[in-house]
file query-v6.cif (mmCIF, C-alpha atoms)
data_upload
#
loop_
_atom_site.label_atom_id
_atom_site.label_comp_id
_atom_site.auth_asym_id
_atom_site.auth_seq_id
_atom_site.Cartn_x
_atom_site.Cartn_y
_atom_site.Cartn_z
CA MET A 1 9.91 -27.50 -31.50
CA PRO A 2 12.85 -29.78 -32.42
CA ASP A 3 14.74 -29.20 -35.66
CA LEU A 4 13.39 -31.99 -37.87
CA THR A 5 16.10 -31.42 -40.47
CA THR A 6 18.63 -33.02 -38.11
CA ILE A 7 16.67 -36.26 -37.72
CA ASP A 8 18.31 -39.41 -39.05
CA TRP A 9 15.24 -41.13 -40.51
CA GLN A 10 17.09 -44.39 -41.10
CA ALA A 11 18.06 -44.48 -37.41
CA ILE A 12 14.43 -43.81 -36.41
CA TYR A 13 13.25 -46.63 -38.68
CA ASP A 14 15.88 -49.04 -37.28
CA PHE A 15 14.95 -48.05 -33.72
CA GLY A 16 11.28 -48.72 -34.48
CA LYS A 17 12.07 -52.20 -35.79
CA LYS A 18 14.25 -52.95 -32.77
CA GLN A 19 11.50 -51.89 -30.37
CA SER A 20 8.54 -53.28 -32.41
CA ILE A 21 6.99 -49.82 -32.72
CA VAL A 22 7.77 -49.13 -36.37
CA ALA A 23 4.11 -48.57 -37.35
CA VAL A 24 3.58 -46.29 -34.33
CA LEU A 25 6.51 -44.14 -35.45
CA TYR A 26 5.15 -44.13 -38.99
CA ASP A 27 2.21 -42.12 -37.64
CA GLY A 28 4.62 -39.20 -37.28
CA VAL A 29 5.85 -39.64 -40.84
CA GLU A 30 2.25 -39.68 -42.11
CA LYS A 31 1.47 -36.51 -40.15
CA LEU A 32 4.44 -34.68 -41.65
CA ARG A 33 3.44 -35.82 -45.15
CA ASN A 34 -0.17 -34.70 -44.66
CA GLU A 35 1.03 -31.30 -43.41
CA GLY A 36 3.32 -30.90 -46.42
CA LYS A 37 6.45 -30.82 -44.25
CA LEU A 38 8.06 -33.95 -45.67
CA THR A 39 9.69 -34.17 -49.09
CA VAL A 40 10.50 -37.50 -50.67
CA VAL A 41 13.90 -37.48 -52.40
CA SER A 42 15.83 -39.95 -54.54
CA ARG A 43 19.30 -38.80 -53.43
CA PRO A 44 20.52 -37.27 -50.15
CA ASP A 45 21.74 -34.11 -51.93
CA ASP A 46 18.42 -33.39 -53.67
CA ALA A 47 17.07 -29.91 -52.93
CA VAL A 48 13.97 -29.57 -50.75
CA ALA A 49 11.61 -26.67 -50.19
CA SER A 50 12.18 -24.37 -47.25
CA GLY A 51 10.40 -25.53 -44.10
CA THR A 52 10.30 -29.17 -45.16
CA VAL A 53 12.47 -32.17 -44.35
CA ALA A 54 13.69 -34.88 -46.69
CA ILE A 55 13.27 -38.64 -46.53
CA SER A 56 14.61 -41.20 -48.96
CA ASN A 57 11.97 -42.68 -51.26
CA ILE A 58 13.46 -46.16 -50.71
CA LEU A 59 13.23 -45.82 -46.93
CA LEU A 60 9.70 -44.42 -47.12
CA LEU A 61 8.53 -47.32 -49.28
CA LYS A 62 10.05 -49.81 -46.84
CA TRP A 63 8.33 -48.01 -43.96
CA ILE A 64 4.98 -47.96 -45.74
CA GLY A 65 5.29 -51.64 -46.64
CA LEU A 66 6.11 -52.70 -43.08
CA ALA A 67 3.28 -50.59 -41.65
CA ARG A 68 0.84 -52.26 -44.07
CA ASN A 69 2.15 -55.71 -43.13
CA ILE A 70 1.53 -54.88 -39.47
CA LYS A 71 -2.01 -53.73 -40.33
CA ASP A 72 -2.65 -57.02 -42.16
CA ALA A 73 -1.23 -59.02 -39.25
CA ASN A 74 -3.50 -57.15 -36.85
CA GLU A 75 -6.56 -57.89 -38.97
CA THR A 76 -5.69 -61.58 -38.81
CA SER A 77 -4.98 -61.47 -35.06
CA PHE A 78 -8.23 -59.65 -34.27
CA ARG A 79 -10.22 -62.17 -36.30
CA LEU A 80 -8.50 -65.18 -34.73
CA ALA A 81 -8.90 -63.78 -31.21
CA GLY A 82 -12.65 -63.72 -31.86
CA VAL A 83 -12.60 -67.24 -33.33
CA ALA A 84 -10.66 -68.65 -30.35
CA SER A 85 -12.97 -66.94 -27.85
CA LYS A 86 -16.13 -68.22 -29.52
CA SER A 87 -14.74 -71.74 -29.81
CA ILE A 88 -14.07 -71.97 -26.07
CA GLU A 89 -17.22 -70.16 -24.97
CA ARG A 90 -19.30 -72.69 -26.91
CA ARG A 91 -18.01 -75.16 -24.33
CA GLY A 92 -19.49 -73.08 -21.53
CA LYS A 93 -16.30 -71.31 -20.40
CA ARG A 94 -15.95 -67.56 -20.06
CA THR A 95 -12.92 -66.02 -21.75
CA CYS A 96 -11.12 -62.74 -22.25
CA ILE A 97 -8.17 -61.70 -24.39
CA LEU A 98 -5.05 -60.67 -22.47
CA LYS A 99 -2.44 -58.17 -23.66
CA GLY A 100 -1.97 -58.23 -27.44
CA GLN A 101 -5.15 -57.36 -29.29
CA GLY A 102 -6.76 -56.09 -26.10
CA ASN A 103 -3.93 -53.55 -25.80
CA ALA A 104 -4.19 -52.68 -29.49
CA MET A 105 -7.81 -51.61 -29.03
CA LEU A 106 -6.61 -48.82 -26.70
CA TYR A 107 -4.37 -47.27 -29.38
CA PRO A 108 -5.67 -44.35 -31.49
CA ASP A 109 -5.25 -46.69 -34.46
CA PRO A 110 -5.51 -50.34 -33.28
CA TYR A 111 -3.83 -51.54 -36.48
CA LYS A 112 -0.56 -49.73 -35.68
CA ARG A 113 0.48 -51.93 -32.74
CA SER A 114 2.82 -54.78 -33.73
CA PRO A 115 0.92 -57.98 -32.80
CA GLY A 116 2.30 -61.15 -31.22
CA ASP A 117 0.74 -64.31 -29.83
CA ILE A 118 -2.92 -64.58 -28.86
CA ASP A 119 -3.26 -64.96 -25.08
CA ILE A 120 -6.71 -66.02 -23.92
CA TRP A 121 -7.66 -66.32 -20.24
CA ILE A 122 -10.26 -69.00 -19.56
CA ASP A 123 -12.34 -69.33 -16.43
CA ALA A 124 -11.32 -72.92 -15.66
CA GLN A 125 -9.13 -74.88 -13.27
CA PRO A 126 -5.62 -75.70 -14.55
CA GLN A 127 -6.09 -79.47 -14.90
CA GLU A 128 -9.50 -79.02 -16.49
CA MET A 129 -8.03 -76.65 -19.05
CA ILE A 130 -5.02 -78.88 -19.71
CA ASP A 131 -7.29 -81.89 -20.32
CA MET A 132 -9.52 -79.84 -22.63
CA VAL A 133 -6.62 -78.61 -24.77
CA ARG A 134 -4.97 -82.03 -24.99
CA LYS A 135 -8.08 -83.52 -26.54
CA SER A 136 -7.15 -81.49 -29.64
CA TYR A 137 -3.39 -81.18 -29.09
CA PRO A 138 -2.14 -84.35 -27.32
CA ASN A 139 1.45 -83.10 -27.04
CA ALA A 140 0.62 -79.59 -25.83
CA ARG A 141 3.12 -78.42 -23.23
CA ALA A 142 1.78 -76.88 -20.02
CA ILE A 143 3.61 -74.40 -17.83
CA TYR A 144 2.49 -72.78 -14.59
CA HIS A 145 0.14 -70.22 -16.12
CA HIS A 146 -0.77 -71.47 -19.61
CA ILE A 147 -0.78 -74.31 -22.09
CA ASP A 148 0.16 -73.95 -25.76
CA CYS A 149 -2.75 -74.55 -28.14
CA GLY A 150 -0.74 -74.72 -31.32
CA GLU A 151 -1.25 -72.25 -34.15
CA LEU A 152 -4.18 -70.67 -35.95
CA ASP A 153 -3.16 -69.39 -39.39
CA GLY A 154 0.46 -69.19 -38.24
CA ILE A 155 -0.27 -67.35 -34.95
CA GLU A 156 0.45 -69.11 -31.68
CA VAL A 157 -2.43 -69.33 -29.19
CA GLU A 158 -1.86 -69.71 -25.46
CA ALA A 159 -4.72 -70.75 -23.16
CA HIS A 160 -4.26 -69.23 -19.70
CA TYR A 161 -5.73 -70.78 -16.57
CA ARG A 162 -3.74 -68.20 -14.61
CA PRO A 163 -3.18 -64.77 -16.18
CA THR A 164 0.44 -64.65 -14.95
CA TRP A 165 2.50 -65.22 -11.81
CA LEU A 166 5.14 -63.77 -9.47
CA SER A 167 8.22 -65.62 -8.23
CA ASN A 168 7.70 -64.52 -4.63
CA PRO A 169 5.29 -67.20 -3.30
CA PHE A 170 3.61 -64.85 -0.83
CA ASN A 171 3.02 -62.14 -3.41
CA ASN A 172 1.97 -64.79 -5.93
CA ARG A 173 -0.65 -66.19 -3.55
CA ARG A 174 -2.11 -62.71 -3.09
CA LEU A 175 -1.93 -62.12 -6.85
CA GLN A 176 -3.82 -65.32 -7.73
CA LYS A 177 -6.54 -64.52 -5.17
CA TRP A 178 -6.81 -61.02 -6.63
CA PHE A 179 -7.12 -62.44 -10.16
CA ASP A 180 -9.81 -64.89 -9.03
CA ALA A 181 -11.81 -61.96 -7.65
CA GLN A 182 -11.63 -60.28 -11.08
CA LYS A 183 -13.28 -63.10 -13.05
CA ASP A 184 -16.68 -61.47 -12.72
CA CYS A 185 -15.29 -58.25 -14.17
CA PHE A 186 -14.67 -59.30 -17.77
CA VAL A 187 -15.73 -56.46 -20.06
CA GLN A 188 -18.59 -57.51 -22.32
CA PRO A 189 -17.73 -57.57 -26.04
CA THR A 190 -18.03 -54.14 -27.61
CA ASN A 191 -15.83 -54.79 -30.65
CA GLN A 192 -16.65 -56.23 -34.05
CA TRP A 193 -14.68 -59.41 -33.28
CA ASN A 194 -16.87 -60.19 -30.26
CA PHE A 195 -14.19 -61.00 -27.68
CA ARG A 196 -14.01 -59.82 -24.09
CA THR A 197 -11.16 -57.80 -22.58
CA PRO A 198 -10.30 -57.15 -18.91
CA LYS A 199 -11.09 -53.97 -17.05
CA LYS A 200 -8.51 -51.24 -16.56
CA CYS A 201 -7.55 -52.11 -12.97
CA PHE A 202 -6.92 -55.74 -13.99
CA ASN A 203 -4.86 -54.67 -16.99
CA ILE A 204 -2.67 -52.40 -14.87
CA VAL A 205 -1.76 -55.22 -12.48
CA HIS A 206 -1.41 -57.82 -15.22
CA GLN A 207 0.77 -55.65 -17.42
CA LEU A 208 3.00 -54.62 -14.51
CA CYS A 209 3.58 -58.33 -13.85
CA HIS A 210 4.25 -58.87 -17.55
CA ILE A 211 6.75 -56.00 -17.69
CA THR A 212 8.45 -57.35 -14.55
CA HIS A 213 8.96 -60.75 -16.20
CA HIS A 214 10.33 -59.22 -19.37
CA LEU A 215 12.64 -56.90 -17.48
CA LEU A 216 14.05 -59.69 -15.32
CA HIS A 217 13.96 -62.54 -17.86
CA GLU A 218 13.46 -62.07 -21.60
CA GLY A 219 13.91 -58.36 -22.19
CA VAL A 220 11.62 -55.33 -22.07
CA GLY A 221 11.03 -52.90 -24.93
CA PHE A 222 9.32 -49.62 -25.74
CA ARG A 223 6.25 -51.45 -27.00
CA HIS A 224 5.55 -52.59 -23.41
CA VAL A 225 5.66 -49.08 -21.94
CA ILE A 226 3.70 -47.57 -24.85
CA ASP A 227 1.01 -50.20 -24.19
CA PHE A 228 0.98 -49.04 -20.58
CA TYR A 229 0.71 -45.38 -21.60
CA TYR A 230 -2.41 -45.99 -23.68
CA LEU A 231 -3.83 -48.10 -20.84
CA LEU A 232 -3.38 -45.24 -18.35
CA LYS A 233 -4.81 -42.80 -20.87
CA SER A 234 -7.94 -44.88 -21.53
CA ASP A 235 -11.31 -43.45 -20.49
CA GLU A 236 -12.31 -45.99 -17.84
CA HIS A 237 -12.17 -44.41 -14.39
CA ILE A 238 -10.16 -46.03 -11.59
CA ASP A 239 -9.42 -45.06 -8.01
CA ASN A 240 -5.71 -44.16 -8.19
CA ALA A 241 -5.25 -44.40 -4.42
CA GLU A 242 -6.78 -47.88 -4.29
CA MET A 243 -4.80 -48.91 -7.37
CA SER A 244 -1.58 -47.73 -5.73
CA ARG A 245 -2.34 -49.73 -2.56
CA THR A 246 -2.99 -52.86 -4.65
CA ILE A 247 0.30 -52.41 -6.50
CA VAL A 248 2.21 -52.08 -3.23
CA ARG A 249 0.43 -55.06 -1.62
CA LEU A 250 1.30 -57.29 -4.59
CA GLY A 251 4.96 -56.27 -4.59
CA LEU A 252 4.77 -54.44 -7.93
CA ARG A 253 5.77 -50.95 -6.77
CA PRO A 254 9.41 -51.08 -8.07
CA THR A 255 8.26 -51.94 -11.58
CA ALA A 256 5.49 -49.34 -11.47
CA GLN A 257 7.94 -46.65 -10.34
CA ALA A 258 10.35 -47.54 -13.15
CA VAL A 259 7.61 -47.48 -15.80
CA MET A 260 6.24 -44.17 -14.52
CA TRP A 261 9.69 -42.55 -14.72
CA VAL A 262 10.25 -43.71 -18.31
CA LEU A 263 6.78 -42.53 -19.34
CA VAL A 264 6.92 -39.15 -17.59
CA HIS A 265 10.58 -38.18 -18.03
CA GLU A 266 11.48 -39.82 -21.33
CA LEU A 267 8.21 -40.09 -23.28
CA GLY A 268 6.47 -36.95 -22.05
CA MET A 269 3.43 -38.44 -20.32
CA PRO A 270 1.66 -35.91 -18.05
CA SER A 271 2.61 -36.59 -14.44
CA SER A 272 -1.09 -36.47 -13.54
CA LEU A 273 -1.48 -39.92 -15.16
CA ALA A 274 1.18 -41.51 -12.95
CA ILE A 275 -0.30 -44.02 -10.50
CA VAL A 276 2.79 -44.13 -8.25
CA LYS A 277 5.68 -41.76 -7.67
CA PRO A 278 8.33 -42.25 -10.38
CA SER A 279 11.80 -43.46 -9.38
CA GLU A 280 14.73 -42.14 -11.41
CA ARG A 281 17.02 -44.88 -10.07
CA LEU A 282 14.71 -47.66 -11.25
CA GLY A 283 13.60 -45.81 -14.37
CA ARG A 284 17.12 -45.31 -15.69
CA LEU A 285 17.86 -49.00 -15.13
CA MET A 286 14.75 -49.99 -17.11
CA LEU A 287 15.56 -47.50 -19.87
CA GLN A 288 19.07 -48.94 -20.21
CA GLU A 289 17.66 -52.46 -20.49
CA MET A 290 15.17 -51.31 -23.11
CA LEU A 291 17.84 -49.61 -25.20
CA SER A 292 20.31 -52.48 -24.87
CA GLY A 293 18.03 -55.38 -25.74
CA GLY A 294 15.09 -54.02 -27.69
CA ASN A 295 11.76 -55.82 -27.77
CA MET A 296 11.96 -59.26 -26.09
CA GLY A 297 15.75 -58.75 -25.69
CA MET A 298 16.26 -59.91 -29.27
CA TYR A 299 19.00 -57.34 -29.95
CA ASP A 300 20.90 -57.81 -26.70
CA ASP A 301 24.60 -58.36 -27.50
CA ARG A 302 25.82 -58.46 -23.91
CA ALA A 303 27.51 -61.50 -22.41
CA LEU A 304 25.30 -64.61 -22.03
CA SER A 305 22.41 -62.94 -23.87
CA LYS A 306 22.24 -65.51 -26.70
CA THR A 307 21.83 -68.63 -24.58
CA LYS A 308 18.14 -69.52 -25.01
CA ASP A 309 18.85 -72.84 -26.74
CA ASN A 310 21.16 -74.15 -24.02
CA SER A 311 19.39 -74.92 -20.75
CA PHE A 312 22.57 -74.81 -18.63
CA LEU A 313 23.77 -71.48 -20.02
CA ARG A 314 20.22 -70.14 -19.85
CA ASN A 315 20.16 -70.86 -16.11
CA VAL A 316 23.62 -69.31 -15.69
CA ARG A 317 22.41 -66.19 -17.49
CA GLN A 318 19.32 -65.99 -15.27
CA MET A 319 21.42 -66.36 -12.11
CA HIS A 320 23.74 -63.62 -13.33
CA LYS A 321 20.79 -61.32 -14.03
CA ASN A 322 19.20 -62.12 -10.65
CA ILE A 323 22.40 -61.01 -8.90
CA LYS A 324 22.55 -57.82 -10.96
CA MET A 325 18.88 -56.93 -10.46
CA ALA A 326 18.54 -58.04 -6.81
CA PHE A 327 19.55 -54.57 -5.59
CA PHE A 328 16.65 -53.05 -7.51
CA PHE A 329 13.98 -55.80 -7.50
CA PRO A 330 14.90 -57.93 -4.45
CA SER A 331 11.53 -59.64 -3.97
CA GLU A 332 11.39 -61.25 -7.41
CA CYS A 333 15.11 -61.84 -7.91
CA LEU A 334 15.80 -63.53 -4.57
CA TRP A 335 12.77 -65.81 -4.92
CA GLU A 336 13.35 -66.62 -8.60
CA PRO A 337 15.55 -69.72 -7.95
CA TYR A 338 12.83 -71.09 -5.66
CA PHE A 339 10.16 -70.59 -8.33
CA ARG A 340 12.39 -72.13 -10.98
CA MET A 341 12.78 -75.29 -8.88
CA TYR A 342 9.06 -75.36 -8.03
CA HIS A 343 8.20 -74.86 -11.69
CA PHE A 344 10.49 -77.72 -12.73
CA PHE A 345 8.57 -80.19 -10.57
CA TRP A 346 5.24 -78.64 -11.61
CA ARG A 347 6.10 -79.24 -15.28
CA CYS A 348 7.27 -82.79 -14.56
CA ARG A 349 3.93 -83.54 -12.93
CA HIS A 350 1.69 -81.98 -15.59
CA ASN A 351 3.69 -82.96 -18.67
CA ARG A 352 4.39 -86.59 -17.84
CA GLY A 353 4.51 -88.57 -21.08
CA ILE A 354 4.59 -85.45 -23.26
CA GLU A 355 7.39 -85.11 -25.79
CA GLN A 356 10.20 -83.07 -24.19
CA LYS A 357 11.19 -79.72 -25.61
CA ASN A 358 12.33 -76.36 -24.29
CA VAL A 359 9.59 -74.09 -23.01
CA LYS A 360 9.70 -70.50 -21.92
CA GLN A 361 8.32 -69.22 -18.62
CA SER A 362 6.51 -66.18 -19.97
#
call {"tool": "encode", "arguments": {"input": "query-v6.cif", "output": "structure tokens"}}
result
Amino acid sequence: MPDLTTIDWQAIYDFGKKQSIVAVLYDGVEKLRNEGKLTVVSRPDDAVASGTVAISNILLLKWIGLARNIKDANETSFRLAGVASKSIERRGKRTCILKGQGNAMLYPDPYKRSPGDIDIWIDAQPQEMIDMVRKSYPNARAIYHHIDCGELDGIEVEAHYRPTWLSNPFNNRRLQKWFDAQKDCFVQPTNQWNFRTPKKCFNIVHQLCHITHHLLHEGVGFRHVIDFYYLLKSDEHIDNAEMSRTIVRLGLRPTAQAVMWVLVHELGMPSSLAIVKPSERLGRLMLQEMLSGGNMGMYDDRALSKTKDNSFLRNVRQMHKNIKMAFFFPSECLWEPYFRMYHFFWRCRHNRGIEQKNVKQS
């Protein structure tokens, strides 16, 4: 059992904010309070009872307030995910919620996960979906896998005609065929908000792709791997051998090996839950990226990290990262310039006449 008296609670709080897991970490604070092992103090030198640890009342109030804000944001996101799903399904299209609130439902407390955008996958062809969205949002920008639908109560909604993509065109072709085969496997609504979520095997592939993009482009954080932990821990049975073969066939094994190492060796996940053999080499690289940049890379202070508003420097940064990561993730990194060029012409074709503005790839 670690010595809790040596914990720097301010550092834990700051780490939670950096990684967008502050409410998850607050679970531990609540547990200590409920067990009578945490004493709230006004000053650092205040005496505490033997066997308890101290936390500043100011810090605790900040932590409680942020955890409640996250709970409120989740309530809004859950409600709006249901509203968006119903709105589209009234038009005869099947939908399911990707990532976000679907992931939150796998947590012990679904209101503890820090929410983001609402991503909704719609069973429709890309041009059909683009035309449908632009009837309501004429200037909506489309990228390869989704089109922005504007905001609902301040939360961005993205309509996906493809769940995600891979830069390697051969792996991407196999991935899109695999996704198409999963459209009949949407889980029927079992939640109070009445929206569908994907099955476990789909989520594993989709989230590995998502983690790959964040690792190689925007920045990966602990929230991503904690999402994956609760996904692996969920009750739905999968064939691990078949899942492993699918991961290898789609070119996702390096990412899966890195995630498994972080989960098993750094976060204490039982090795029996690992779906591929962990790789220390890849895992340490991912861990370093997570610690350096935080969630979405927002805290990355390394060279060229703050270049998102300059398209030229953004491309220079991506080229630099491709060179660095090519030794570890060669398939995606070496094909990324090809996809970037392909995506440029794809956007030109599908956004002709739309007001120009910067868009992100993921």
call {"tool": "closest_residue", "arguments": {"input": "query-v6.cif", "among": "A:Ile55, A:Cys201, A:Ala124, A:Tyr342", "to": "Arg245 (chain A)", "atoms": "all atoms listed in the file"}}
result
A:Cys201
call {"tool": "residues_around", "arguments": {"input": "query-v6.cif", "residues": "Lys321 (chain A)", "least_positions_apart": "3", "cutoff": "8 Å", "atoms": "all atoms listed in the file", "output": "mmCIF file with C-alpha atoms, in the frame of the given file"}}
result
data_model
loop_
_atom_site.group_PDB
_atom_site.id
_atom_site.type_symbol
_atom_site.label_atom_id
_atom_site.label_comp_id
_atom_site.auth_asym_id
_atom_site.auth_seq_id
_atom_site.Cartn_x
_atom_site.Cartn_y
_atom_site.Cartn_z
ATOM 1 C CA LEU A 216 14.050 -59.690 -15.320
ATOM 2 C CA HIS A 217 13.960 -62.540 -17.860
ATOM 3 C CA ARG A 317 22.410 -66.190 -17.490
ATOM 4 C CA GLN A 318 19.320 -65.990 -15.270
ATOM 5 C CA LYS A 324 22.550 -57.820 -10.960
ATOM 6 C CA MET A 325 18.880 -56.930 -10.460
#
call {"tool": "atom_distance", "arguments": {"input": "query-v6.cif", "atom1": "CA of Leu106 (chain A)", "atom2": "CA of Leu231 (chain A)"}}
result
6.5 Å
call {"tool": "resolve_selection", "arguments": {"input": "query-v6.cif", "expression": "the PyMOL selection byres ((chain A and resi 151-167) around 6)", "output": "VMD selection string"}}
result
chain A and resid 117 to 122 126 145 to 150 168 to 169 172 332 335 to 336 339
call {"tool": "atom_distance", "arguments": {"input": "query-v6.cif", "atom1": "CA of Asp227 (chain A)", "atom2": "CA of Asp123 (chain A)"}}
result
24.6 Å
call {"tool": "closest_residue", "arguments": {"input": "query-v6.cif", "among": "A:Ile226, A:Phe15, A:Cys96, A:Ala140", "to": "Gln182 (chain A)", "atoms": "only C-alpha atoms"}}
result
A:Cys96
call {"tool": "resolve_selection", "arguments": {"input": "query-v6.cif", "expression": "the PyMOL selection byres ((chain A and resi 37-41) around 6)", "output": "VMD selection string"}}
result
chain A and resid 32 to 33 35 to 36 42 to 43 52 to 57
call {"tool": "write_last_selection", "arguments": {"input": "query-v6.cif", "atoms": "C-alpha atoms", "output": "compact mmCIF listing (two decimals), keeping the file's coordinate frame"}}
result
# COMPACT_ATOMS: atom_id res chain seq x y z
CA LEU A 32 4.44 -34.68 -41.65
CA ARG A 33 3.44 -35.82 -45.15
CA GLU A 35 1.03 -31.30 -43.41
CA GLY A 36 3.32 -30.90 -46.42
CA SER A 42 15.83 -39.95 -54.54
CA ARG A 43 19.30 -38.80 -53.43
CA THR A 52 10.30 -29.17 -45.16
CA VAL A 53 12.47 -32.17 -44.35
CA ALA A 54 13.69 -34.88 -46.69
CA ILE A 55 13.27 -38.64 -46.53
CA SER A 56 14.61 -41.20 -48.96
CA ASN A 57 11.97 -42.68 -51.26
call {"tool": "residues_near_point", "arguments": {"input": "query-v6.cif", "point": "(17.1, -58.0, -24.0)", "cutoff": "9 Å", "atoms": "all atoms listed in the file", "output": "list in words"}}
result
His214, Leu215, His217, Glu218, Gly219, Val220, Gly221, Glu289, Met290, Leu291, Ser292, Gly293, Gly294, Asn295, Met296, Gly297, Met298, Tyr299, Asp300, Asp301, Arg302 and Ser305 of chain A
call {"tool": "atom_distance", "arguments": {"input": "query-v6.cif", "atom1": "CA of Met269 (chain A)", "atom2": "CA of Thr255 (chain A)"}}
result
16.8 Å
call {"tool": "resolve_selection", "arguments": {"input": "query-v6.cif", "expression": "the PyMOL selection byres ((chain A and resi 193) around 12)", "output": "list in words"}}
result
Asn74, Glu75, Thr76, Ser77, Phe78, Arg79, Leu80, Ala81, Gly82, Val83, Ala84, Ser85, Lys86, Ile97, Gln101, Gly102, Met105, Gln188, Pro189, Thr190, Asn191, Gln192, Asn194, Phe195, Arg196 and Thr197 of chain A
